[in-house]
Amino acid sequence: MSRLYIARNTRVAARKLDGEMMIMSGKDSTLFTLNKTATIIWQAADGATPLDEIVERQICPKFEVEPAAALQDAETLARELAAQSILDLSEDPILSANSQPASPPAGEMR
Amino acid sequence: MSVLMQELNAKALALSVPMSVQLDLTYRCNERCVHCYLDHDDHGEMTTAEIKHLLDEMAEAGVFILTLSGGEIFLRKDFFEILEHARQLTFCIKLKTNAIMIREPEAARIRDLGVESIQISIYSHRPEVHDAITLVPGSLKRSLDAIRFLKSQGLKVIIANVLMVQNMQDYEGVRALADELGVASTLDPTVTPMMDGDRSTLNLGVDNTALQGLFRNQSLVGDVEEFCAVPPRPDEDALQSLPCSAGHTACYVSPYGDFYPCVQFPLTCGNVRQQRFLDIWRNSEQLKEVRSIRVKDLTGCSQCTHVTNCTRCPGLAYMEGNMRGPSTQDCEKSFARTGIPSVNLRSKKPSVKNLIQIRMQPASAAVSA
């Protein structure tokens, strides 16, 4: 089975507010918010780490969820975000993807 | 503003997060607009390194929307270096510019860097009027060429028009021009005092009759009856509400690092060259005072008929001498809208041009009479 790689689209604007990501589409200025789980996936979308690995390492240990079900949900999310041009998807690593940080340093006040 | 953005702003307010910042990169300009409130000399702008450091601090503080303005931003030779750094920090970037230095390569670069929108000042569709305001011959043509370059890159452009005595007849022409170019446009009849307090620029503002015409133009305001209606009496929630987002979820930083609640509110709260951005945001006594003000605390305004829908600007009120007081320009707008003078306007002594008169009749005339 092929693996899915995800990378944050470099044309979006993003900032974390109270643990949830605000994202503005670079295509048409549509505003999105991601809940805390989706935000974890967004932040891990570096183009190099496959989605199943992100789910296994960052979602499953934190939530009571079956790995297969979590991966299915994550894939659905990734495809929805890709349809909005705020995430890039590929079956190969996306090498040029993220010189851009997820939302440096995630807008969390120190 | 979208419902989602309102919700995010409400959350930012509750968490005391500065959602939006305007950063002026320079006060230097290649136009000399007759109504401009700035001193265009360079009194020691922040360096590239200082600005990049500030941007890092703003991202850390949670700033999402960053407006880069001036002066003319493209006069900074490091403009694209700053913009690139800001985009790496994933800000939502809005630019304000006269655009006369934007040609095809600059437009392409702006597009590549994922700028959200570009606001460009256009005062008339007629070169003789626009150029007489900017005092730069050929400026309208160059700005319009730039809009076309930006549009050809698929970028969102907004024409901003300030209504003054000089261009009062031309706002319909500017709107038609915006339609022809396929861009949005805004119209603002507010001329602001100079930042040093000089109020002579206010003489350029349009009079009450012109404002009345503007506010009864359906194509501008929509439902005229609703727009010009006398607002309901304020309830307790309205009196407890905040007068403005300045200092609550928004702020301003000057090219010299001075930190104000808003570009129109020149109350110095600190300087980012001496203090961390977030320390000023959190600890400035001036900001705490601004944040303490509720509508019920406003002198005169809290008792005014217009209090629930007045466009009162706390910064303009501050420049009039009292951040808790009225901003007379907004009183005049409320009056033009509804025909009812505000508490502030009613309290002002009537203006009498010839209060003391000396009449003289030559002796010879008196004799003959």
# chains A, B, ... in the order shown; residues from 1 in each chain; ligands from 1
call {"tool": "residues_around", "arguments": {"residues": "B:Ile280", "least_positions_apart": "3", "cutoff": "9 Å", "atoms": "only C-alpha atoms", "output": "list in words"}}
result
Phe259, Cys269, Gly270, Asn271, Val272, Gln275, Arg276, Phe277, Asn283, Ser284, Glu285 and Leu287 of chain B
call {"tool": "select_by_dssp", "arguments": {"residues": "stretch 106-224 of chain B", "states": "alpha helix (DSSP H)", "output": "number ranges by chain"}}
result
B: 106-112, 127-134, 139-152, 171-181, 208-215, 218-221, 224
call {"tool": "residues_around", "arguments": {"residues": "A:Asp88", "least_positions_apart": "3", "cutoff": "8 Å", "atoms": "only C-alpha atoms", "output": "list in words"}}
result
Ile6, Ala7, Arg8, Asn9, Ala82 and Ser85 of chain A
call {"tool": "atom_distance", "arguments": {"atom1": "atom CA of B:Phe265", "atom2": "atom CA of B:Asp198"}}
result
14.2 Å
call {"tool": "residues_around", "arguments": {"residues": "stretch 12-14 of chain A", "least_positions_apart": "4", "cutoff": "7 Å", "atoms": "only C-alpha atoms", "output": "PyMOL selection string"}}
result
(chain A and resi 21-26+86+103) or (chain B and resi 90-92)
call {"tool": "interface_residues", "arguments": {"of": "chain B", "to": "chain A", "cutoff": "7 Å", "atoms": "only C-alpha atoms", "output": "PyMOL selection string"}}
result
chain B and resi 59-62+64+88-92+114+116
call {"tool": "select_by_dssp", "arguments": {"residues": "chain A", "states": "strand (DSSP E)", "output": "MDAnalysis selection string"}}
result
chainID A and resid 5:8 13:17 20:24 31:34 46:50 87:90
call {"tool": "residues_around", "arguments": {"residues": "B:Ser241", "least_positions_apart": "4", "cutoff": "10 Å", "atoms": "only C-alpha atoms", "output": "PyMOL selection string"}}
result
chain B and resi 236-237+293-296+308
call {"tool": "residues_around", "arguments": {"residues": "A:Pro67", "least_positions_apart": "5", "cutoff": "12 Å", "atoms": "only C-alpha atoms", "output": "VMD selection string"}}
result
chain A and resid 51 to 62 72 to 74
call {"tool": "write_last_selection", "arguments": {"atoms": "C-alpha atoms", "output": "compact mmCIF listing (two decimals), in the first residue's frame"}}
result
# COMPACT_ATOMS: atom_id res chain seq x y z
CA LEU A 51 0.86 10.54 7.30
CA ASP A 52 0.61 7.10 8.90
CA GLU A 53 3.76 7.85 10.89
CA ILE A 54 2.36 11.21 12.02
CA VAL A 55 -0.82 9.49 13.18
CA GLU A 56 1.07 6.69 14.91
CA ARG A 57 3.50 9.00 16.72
CA GLN A 58 1.48 12.11 17.39
CA ILE A 59 -2.21 11.18 17.46
CA CYS A 60 -2.54 7.63 18.79
CA PRO A 61 -0.50 8.16 21.99
CA LYS A 62 -2.58 11.22 22.89
CA GLN A 72 -8.69 7.04 7.98
CA ASP A 73 -9.83 10.27 9.65
CA ALA A 74 -6.43 11.87 9.04
call {"tool": "closest_residue", "arguments": {"among": "B:Pro234, B:Pro189, B:Pro255, B:Pro314", "to": "B:Ala160", "atoms": "only C-alpha atoms"}}
result
B:Pro189
call {"tool": "closest_residue", "arguments": {"among": "B:Glu289, B:Gln166, B:Leu68, B:Leu298", "to": "B:Ile133", "atoms": "only C-alpha atoms"}}
result
B:Gln166
call {"tool": "atom_distance", "arguments": {"atom1": "atom CA of B:Thr190", "atom2": "atom CA of B:Gln286"}}
result
25.4 Å
call {"tool": "residues_around", "arguments": {"residues": "B:Pro261", "least_positions_apart": "5", "cutoff": "6 Å", "atoms": "only C-alpha atoms", "output": "MDAnalysis selection string"}}
result
chainID B and resid 246:247 251:252
call {"tool": "write_last_selection", "arguments": {"atoms": "N, CA and C atoms", "output": "PDB file, in the first residue's frame"}}
result
ATOM      1  N   ALA B 246      -8.506  49.085  19.109  1.00  0.00           N
ATOM      2  CA  ALA B 246      -7.144  49.623  19.297  1.00  0.00           C
ATOM      3  C   ALA B 246      -6.635  49.318  20.700  1.00  0.00           C
ATOM      4  N   GLY B 247      -5.504  48.641  20.780  1.00  0.00           N
ATOM      5  CA  GLY B 247      -4.905  48.312  22.075  1.00  0.00           C
ATOM      6  C   GLY B 247      -5.473  47.054  22.698  1.00  0.00           C
ATOM      7  N   CYS B 251      -2.658  46.837  17.269  1.00  0.00           N
ATOM      8  CA  CYS B 251      -1.747  47.918  17.647  1.00  0.00           C
ATOM      9  C   CYS B 251      -0.919  48.345  16.441  1.00  0.00           C
ATOM     10  N   TYR B 252      -0.042  49.303  16.681  1.00  0.00           N
ATOM     11  CA  TYR B 252       0.732  49.921  15.600  1.00  0.00           C
ATOM     12  C   TYR B 252       2.181  50.106  16.041  1.00  0.00           C
TER      13      TYR B 252
END
call {"tool": "closest_residue", "arguments": {"among": "B:His85, B:Arg273, B:Arg109, B:Arg76", "to": "B:Gln153", "atoms": "only C-alpha atoms"}}
result
B:Arg109
call {"tool": "atom_distance", "arguments": {"atom1": "atom CA of B:Ser254", "atom2": "atom CA of B:Leu23"}}
result
6.1 Å
call {"tool": "closest_residue", "arguments": {"among": "B:Ile120, B:Glu128, B:Arg337, B:Val162", "to": "B:Glu226", "atoms": "only C-alpha atoms"}}
result
B:Arg337
